[in-house]
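The block underneath contains the structure these notes are about, expressed in structure tokens.
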Amino acid sequence: MSNYQGDDAEYMEDVDDEMEDVEDDMDDEFRGDDLGASDSDVEEFDYSNNKVADTSAEQARKGKDIQGIPWDRLSISREKYRQTRLEQYKNYENVPNSGESSEKVCKVTQKGGLFYDFWRNSRSIKSTILHFQLRNLVWATSKHDVYLMSNFLVTHYSSLTSGKHEVLNVRGHVAPSEKHPGSLLEGFTQTQVSTLAVKDDFLVAGGFQGELICKHLDRPGVSFCSRTTYDDNAITNAIEIYNKPSGALHFTASNNDCGVRDFDMERYQLVKHFRFPWPVNHASLSPDGKLLAIVGDNPEGLIVDPNTGKTLETLSGHLDFSFASAWHPDGVTFSTGNQDKTCRVWDIRNLSQSVAVLKGNLGAIRSIRYTSDGKYMAMAEPADFVHVYDVSNGYETEQEIDFFGEISGISFSPDTEALFIGVWDRTYGSLLEFGRRRNYSYLDSYL
């Protein structure tokens, strides 16, 4: 991945510049400059709570935009703005024209699927990102509990109460309250969180300088602090939390120093450190714990032995650098997301070529998630689009979730009932919530 934050600012500035001509045609309401200017703004603002109002499923069914954007008061229609975004959004590529070159092999899917219904857009919670290539900053631990980055805070949001509370504040000094061998007792100051992972009651935040901050959500304070490396090229690109067959809690950290490290959180120790020829942007362990998928700053991916780090297979097909990977619960298939605007689905029984190539609209596939029952797979572009595929029919049908704003992360709830999408935008930043559609018949209910 890009080594320096300067690349982030330059890229995001380019995206903003390309949209300036469009935004100049928009009314002040859209840019958030004049929310109180007219009586019709009352529905957009909750004066009793002094905050921007959320959008409910009922309001959306009555025609309100799910993000609360007042298109009827703007000088540009939603359709026109969407077309302009598709034409002008700049996809970041490390390999020039990789997006265009990949189009000819992409699967033609049937759009119009409806697997998850819109439930609520919560604008009181602002999801943010720090590095434009890293978009794993939203995690659901139940259908009502979500953890996400909001500036320097890891925040818990309850969709039941619409309440939020601070879980971890990294703006100032953070130090472990527990003593474990290898833990940095001095902690860190002003950590810039690049990636996040939360599973059950355990949270790990990774930083730009290789910081790792571990916290048990059912305990006060921070349990463990470590720094993967003191190299300049140290950024933590991805974290994956998992349980060993024995039940022991572990996590893997993928770093820009070309390393993947495995930590045992029962003993709070680094137990494995594998090095690869290029920066590793994401690593994911198969459900049986026998294979590790590795993707990074190389068009090719790897399947390695998680015990030895030995490369078992090479994945060829992508045309640019990859930033996402995820295993289907069956442990037979898995997917990888790339800056060539595609997600490739692989079958470990034949890795000579991918079994499907799924195409994005705007840009790179930065995040991939499967539901725990394996029925659906979601892939997120850098902005505006999340695609949900029906895995059971061979990825033939997809639901395209269409909105406006950069995506900080996506997460299915463990019970598959909810899908959360973090949206980063200066005015319409929010958390989108969708609920799984269930087709219960009268007979089903009776039985």
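We label chains A, B, ... in the order they appear in the structure tokens, count residues from 1 in each chain, and number ligands from 1 in the order shown.
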
> Could you name the residues that touch Asp54 (chain A) at 7 Å or less, counting only C-alpha atoms, but leaving out those on the same chain fewer than 5 positions away, as a count of residues only?
Replying inline: 3

> Which neighbours of region 183-198 of chain A fall inside 6 Å, counting only C-alpha atoms, when residues of the same chain fewer than 3 positions from it are skipped, and could you give them as a ChimeraX atom specification?
Replying inline: /A:136-137,139,170-176,180,202-208,224-226,238-239

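Distances here use only C-alpha atoms; by that measure, the residue among A:Ile213, A:Ile303, A:Met377, A:Leu291 closest to Tyr268 (chain A) is A:Ile213.
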
Report as a Markdown table: every residue of region 79-106 of chain A with an atom at most 7 Å from region 351-368 of chain A, its closest pair of atoms, and their distance in Å to one decimal, counting only C-alpha atoms, with rows sorted by chain and ascending residue number.
| residue | atom | partner | partner_atom | distance |
| --- | --- | --- | --- | --- |
| A:Leu86 | CA | A:Leu362 | CA | 6.1 |
| A:Tyr89 | CA | A:Leu362 | CA | 6.6 |
| A:Asn91 | CA | A:Gly363 | CA | 4.7 |
| A:Val105 | CA | A:Val357 | CA | 6.8 |
| A:Cys106 | CA | A:Val357 | CA | 4.9 |

> From the set A:Gly301, A:Pro181, A:Gly296, A:Pro382, which residue has the shortest atom-to-atom contact distance to Glu266 (chain A), counting only C-alpha atoms?
Replying inline: A:Pro181

>> Can you pull out every residue from region 81-215 of chain A that DSSP, working from the backbone, puts in helix (DSSP H, G or I), and format the result as a ChimeraX atom specification?
In response: /A:81-88,98-105

What would the file look like if the residues just selected were written as a tab-separated table (two decimals), in the first residue's frame with C-alpha atoms?
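To be explicit, this is the file written out as result_22.tsv:
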chain	number	residue	atom	x	y	z
A	81	TYR	CA	-25.32	13.50	-9.80
A	82	ARG	CA	-24.93	9.72	-9.87
A	83	GLN	CA	-23.99	9.80	-13.53
A	84	THR	CA	-21.45	12.55	-12.88
A	85	ARG	CA	-19.90	10.58	-10.02
A	86	LEU	CA	-19.58	7.51	-12.22
A	87	GLU	CA	-17.87	9.58	-14.90
A	88	GLN	CA	-15.56	11.64	-12.69
A	98	SER	CA	-5.89	-1.93	-14.47
A	99	GLY	CA	-9.60	-1.20	-14.01
A	100	GLU	CA	-10.28	-0.90	-17.71
A	101	SER	CA	-8.23	-3.96	-18.56
A	102	SER	CA	-10.11	-6.18	-16.12
A	103	GLU	CA	-13.60	-5.42	-17.47
A	104	LYS	CA	-13.54	-7.95	-20.32
A	105	VAL	CA	-13.35	-10.95	-17.96

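Each of A:Met1, A:Ile69, A:Val280, A:Leu160 was checked against Phe404 (chain A) using only C-alpha atoms; the smallest atom-to-atom distance is that of A:Ile69.
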
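CA of Arg426 (chain A) is found 21.1 Å from CA of Glu79 (chain A).
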
> What lies within 10 Å of Val138 (chain A) using only C-alpha atoms, ignoring chain neighbours under 4 positions off, as number ranges by chain?
Replying inline: A: 127-128, 146-149, 154-155, 195-198, 407-412, 420-423, 431

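Taking CA of Glu211 (chain A) as the reference point, CA of Arg227 (chain A) is found at 4.5 Å.
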
>> Taking only region 378-426 of chain A into account, list the residues labelled strand (DSSP E) by DSSP (computed from the backbone), as a PyMOL selection string.
In response: chain A and resi 378-380+383-390+397-412+418-424

Based on the selection just made, write N, CA and C atoms of those residues as a short mmCIF file (atom, residue, chain, number, x, y, z; two decimals), in the first residue's frame.
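Contents of the output file again-v5.cif:
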data_model
loop_
_atom_site.label_atom_id
_atom_site.label_comp_id
_atom_site.auth_asym_id
_atom_site.auth_seq_id
_atom_site.Cartn_x
_atom_site.Cartn_y
_atom_site.Cartn_z
N ALA A 378 -20.75 -9.77 0.68
CA ALA A 378 -20.80 -8.33 0.39
C ALA A 378 -19.40 -7.83 0.06
N MET A 379 -19.32 -6.97 -0.95
CA MET A 379 -18.04 -6.32 -1.28
C MET A 379 -18.28 -4.83 -1.37
N ALA A 380 -17.32 -4.07 -0.83
CA ALA A 380 -17.45 -2.62 -0.79
C ALA A 380 -16.41 -1.96 -1.68
N ALA A 383 -16.20 4.01 -2.44
CA ALA A 383 -17.27 4.98 -2.21
C ALA A 383 -18.55 4.53 -2.93
N ASP A 384 -19.69 4.94 -2.39
CA ASP A 384 -20.99 4.93 -3.07
C ASP A 384 -21.67 3.58 -3.29
N PHE A 385 -20.94 2.48 -3.36
CA PHE A 385 -21.56 1.20 -3.70
C PHE A 385 -21.09 0.06 -2.80
N VAL A 386 -22.07 -0.68 -2.29
CA VAL A 386 -21.82 -1.98 -1.66
C VAL A 386 -22.66 -3.00 -2.43
N HIS A 387 -22.04 -4.09 -2.84
CA HIS A 387 -22.70 -5.13 -3.62
C HIS A 387 -22.89 -6.36 -2.73
N VAL A 388 -24.11 -6.87 -2.66
CA VAL A 388 -24.41 -8.08 -1.91
C VAL A 388 -24.82 -9.16 -2.90
N TYR A 389 -24.10 -10.29 -2.88
CA TYR A 389 -24.33 -11.37 -3.85
C TYR A 389 -24.96 -12.58 -3.17
N ASP A 390 -25.83 -13.23 -3.92
CA ASP A 390 -26.40 -14.50 -3.49
C ASP A 390 -25.39 -15.59 -3.84
N THR A 397 -26.84 -13.35 -8.91
CA THR A 397 -27.76 -12.26 -8.57
C THR A 397 -27.12 -11.37 -7.51
N GLU A 398 -27.29 -10.05 -7.67
CA GLU A 398 -26.73 -9.14 -6.69
C GLU A 398 -27.72 -8.04 -6.31
N GLN A 399 -27.57 -7.56 -5.09
CA GLN A 399 -28.25 -6.36 -4.64
C GLN A 399 -27.21 -5.25 -4.61
N GLU A 400 -27.50 -4.17 -5.30
CA GLU A 400 -26.58 -3.04 -5.36
C GLU A 400 -27.09 -1.94 -4.44
N ILE A 401 -26.38 -1.68 -3.34
CA ILE A 401 -26.75 -0.63 -2.40
C ILE A 401 -26.04 0.65 -2.84
N ASP A 402 -26.84 1.66 -3.17
CA ASP A 402 -26.37 2.87 -3.85
C ASP A 402 -26.59 4.07 -2.94
N PHE A 403 -25.51 4.80 -2.63
CA PHE A 403 -25.59 6.00 -1.79
C PHE A 403 -24.42 6.90 -2.17
N PHE A 404 -24.14 7.94 -1.39
CA PHE A 404 -23.03 8.84 -1.70
C PHE A 404 -22.13 9.00 -0.49
N GLY A 405 -20.81 8.81 -0.69
CA GLY A 405 -19.85 8.99 0.37
C GLY A 405 -18.81 7.89 0.39
N GLU A 406 -17.65 8.20 0.95
CA GLU A 406 -16.59 7.21 1.10
C GLU A 406 -17.02 6.16 2.14
N ILE A 407 -16.59 4.93 1.92
CA ILE A 407 -16.99 3.81 2.78
C ILE A 407 -15.85 3.48 3.74
N SER A 408 -16.14 3.55 5.03
CA SER A 408 -15.10 3.26 6.03
C SER A 408 -15.05 1.78 6.39
N GLY A 409 -16.12 1.06 6.13
CA GLY A 409 -16.14 -0.37 6.41
C GLY A 409 -17.54 -0.94 6.28
N ILE A 410 -17.62 -2.27 6.18
CA ILE A 410 -18.90 -2.98 6.15
C ILE A 410 -18.81 -4.15 7.11
N SER A 411 -19.96 -4.55 7.67
CA SER A 411 -19.96 -5.69 8.58
C SER A 411 -21.34 -6.31 8.67
N PHE A 412 -21.40 -7.63 8.47
CA PHE A 412 -22.60 -8.38 8.79
C PHE A 412 -22.58 -8.69 10.29
N ALA A 418 -28.23 -8.44 10.26
CA ALA A 418 -27.99 -7.03 9.98
C ALA A 418 -26.73 -6.84 9.15
N LEU A 419 -26.75 -5.78 8.35
CA LEU A 419 -25.58 -5.34 7.59
C LEU A 419 -25.39 -3.86 7.88
N PHE A 420 -24.18 -3.49 8.32
CA PHE A 420 -23.86 -2.11 8.64
C PHE A 420 -22.82 -1.58 7.65
N ILE A 421 -23.00 -0.32 7.25
CA ILE A 421 -22.09 0.34 6.31
C ILE A 421 -21.70 1.69 6.90
N GLY A 422 -20.41 1.92 7.08
CA GLY A 422 -19.93 3.21 7.56
C GLY A 422 -19.72 4.15 6.39
N VAL A 423 -20.30 5.36 6.48
CA VAL A 423 -20.17 6.36 5.40
C VAL A 423 -19.42 7.56 5.94
N TRP A 424 -18.35 7.92 5.27
CA TRP A 424 -17.52 9.06 5.65
C TRP A 424 -17.78 10.19 4.66
#

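Our summary of the geometry notes that CA of Val391 (chain A) is positioned 20.8 Å from CA of His318 (chain A).
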
> Can you tell me, as a ChimeraX atom specification, what residues are no more than 12 Å from Gln59 (chain A) when counting only C-alpha atoms, ignoring any on the same chain fewer than 2 positions away?
Replying inline: /A:43-44,53-57,61-68,118-121

Can those selected residues be exported to a file as a PDB file, in the first residue's frame so that it contains N, CA and C atoms?
ATOM      1  N   GLU A  43     -37.611  19.052   9.173  1.00  0.00           N
ATOM      2  CA  GLU A  43     -37.570  17.598   9.236  1.00  0.00           C
ATOM      3  C   GLU A  43     -36.149  17.058   9.172  1.00  0.00           C
ATOM      4  N   GLU A  44     -35.217  17.883   8.714  1.00  0.00           N
ATOM      5  CA  GLU A  44     -33.833  17.425   8.635  1.00  0.00           C
ATOM      6  C   GLU A  44     -33.083  17.633   9.945  1.00  0.00           C
ATOM      7  N   ALA A  53     -31.349  14.794  12.117  1.00  0.00           N
ATOM      8  CA  ALA A  53     -32.260  13.667  12.304  1.00  0.00           C
ATOM      9  C   ALA A  53     -31.842  12.465  11.465  1.00  0.00           C
ATOM     10  N   ASP A  54     -32.148  11.272  12.006  1.00  0.00           N
ATOM     11  CA  ASP A  54     -31.894  10.038  11.280  1.00  0.00           C
ATOM     12  C   ASP A  54     -33.000   9.812  10.247  1.00  0.00           C
ATOM     13  N   THR A  55     -32.782   8.823   9.394  1.00  0.00           N
ATOM     14  CA  THR A  55     -33.814   8.417   8.443  1.00  0.00           C
ATOM     15  C   THR A  55     -34.241   7.000   8.774  1.00  0.00           C
ATOM     16  N   SER A  56     -35.537   6.788   8.957  1.00  0.00           N
ATOM     17  CA  SER A  56     -36.061   5.470   9.297  1.00  0.00           C
ATOM     18  C   SER A  56     -36.545   4.748   8.043  1.00  0.00           C
ATOM     19  N   ALA A  57     -36.813   3.458   8.203  1.00  0.00           N
ATOM     20  CA  ALA A  57     -37.331   2.667   7.085  1.00  0.00           C
ATOM     21  C   ALA A  57     -38.693   3.198   6.634  1.00  0.00           C
ATOM     22  N   ARG A  61     -39.674   4.509   2.916  1.00  0.00           N
ATOM     23  CA  ARG A  61     -40.786   3.954   2.135  1.00  0.00           C
ATOM     24  C   ARG A  61     -41.710   5.058   1.626  1.00  0.00           C
ATOM     25  N   LYS A  62     -41.752   6.182   2.340  1.00  0.00           N
ATOM     26  CA  LYS A  62     -42.590   7.304   1.928  1.00  0.00           C
ATOM     27  C   LYS A  62     -41.870   8.231   0.953  1.00  0.00           C
ATOM     28  N   GLY A  63     -40.639   7.871   0.581  1.00  0.00           N
ATOM     29  CA  GLY A  63     -39.947   8.625  -0.450  1.00  0.00           C
ATOM     30  C   GLY A  63     -38.771   9.456   0.003  1.00  0.00           C
ATOM     31  N   LYS A  64     -38.485   9.499   1.297  1.00  0.00           N
ATOM     32  CA  LYS A  64     -37.346  10.279   1.759  1.00  0.00           C
ATOM     33  C   LYS A  64     -36.053   9.586   1.370  1.00  0.00           C
ATOM     34  N   ASP A  65     -35.080  10.363   0.948  1.00  0.00           N
ATOM     35  CA  ASP A  65     -33.761   9.824   0.620  1.00  0.00           C
ATOM     36  C   ASP A  65     -33.172   9.176   1.869  1.00  0.00           C
ATOM     37  N   ILE A  66     -32.553   7.998   1.711  1.00  0.00           N
ATOM     38  CA  ILE A  66     -32.072   7.283   2.889  1.00  0.00           C
ATOM     39  C   ILE A  66     -30.975   8.036   3.629  1.00  0.00           C
ATOM     40  N   GLN A  67     -30.273   8.940   2.939  1.00  0.00           N
ATOM     41  CA  GLN A  67     -29.244   9.740   3.602  1.00  0.00           C
ATOM     42  C   GLN A  67     -29.757  11.108   4.039  1.00  0.00           C
ATOM     43  N   GLY A  68     -31.027  11.373   3.750  1.00  0.00           N
ATOM     44  CA  GLY A  68     -31.584  12.669   4.120  1.00  0.00           C
ATOM     45  C   GLY A  68     -31.187  13.795   3.195  1.00  0.00           C
ATOM     46  N   PHE A 118     -33.427  -1.731   3.815  1.00  0.00           N
ATOM     47  CA  PHE A 118     -32.972  -0.559   4.562  1.00  0.00           C
ATOM     48  C   PHE A 118     -33.766  -0.436   5.859  1.00  0.00           C
ATOM     49  N   TRP A 119     -33.034  -0.217   6.966  1.00  0.00           N
ATOM     50  CA  TRP A 119     -33.671  -0.044   8.270  1.00  0.00           C
ATOM     51  C   TRP A 119     -33.526   1.378   8.793  1.00  0.00           C
ATOM     52  N   ARG A 120     -32.287   1.865   8.803  1.00  0.00           N
ATOM     53  CA  ARG A 120     -32.068   3.179   9.401  1.00  0.00           C
ATOM     54  C   ARG A 120     -30.732   3.761   8.938  1.00  0.00           C
ATOM     55  N   ASN A 121     -30.727   5.084   8.804  1.00  0.00           N
ATOM     56  CA  ASN A 121     -29.481   5.812   8.598  1.00  0.00           C
ATOM     57  C   ASN A 121     -29.255   6.677   9.835  1.00  0.00           C
TER      58      ASN A 121
END

>> Neighbouring residues of Arg275 (chain A) were defined as those with any atom within 12 Å, considering only C-alpha atoms; residues of the same chain fewer than 2 positions away were excluded. Please report them as a PyMOL selection string.
In response: chain A and resi 253-262+272-273+277-280+294+304+308-311

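Among the candidates A:Glu433, A:Asp347, A:Asp200, A:Val271, the one nearest to Ser162 (chain A) when counting only C-alpha atoms is A:Glu433.
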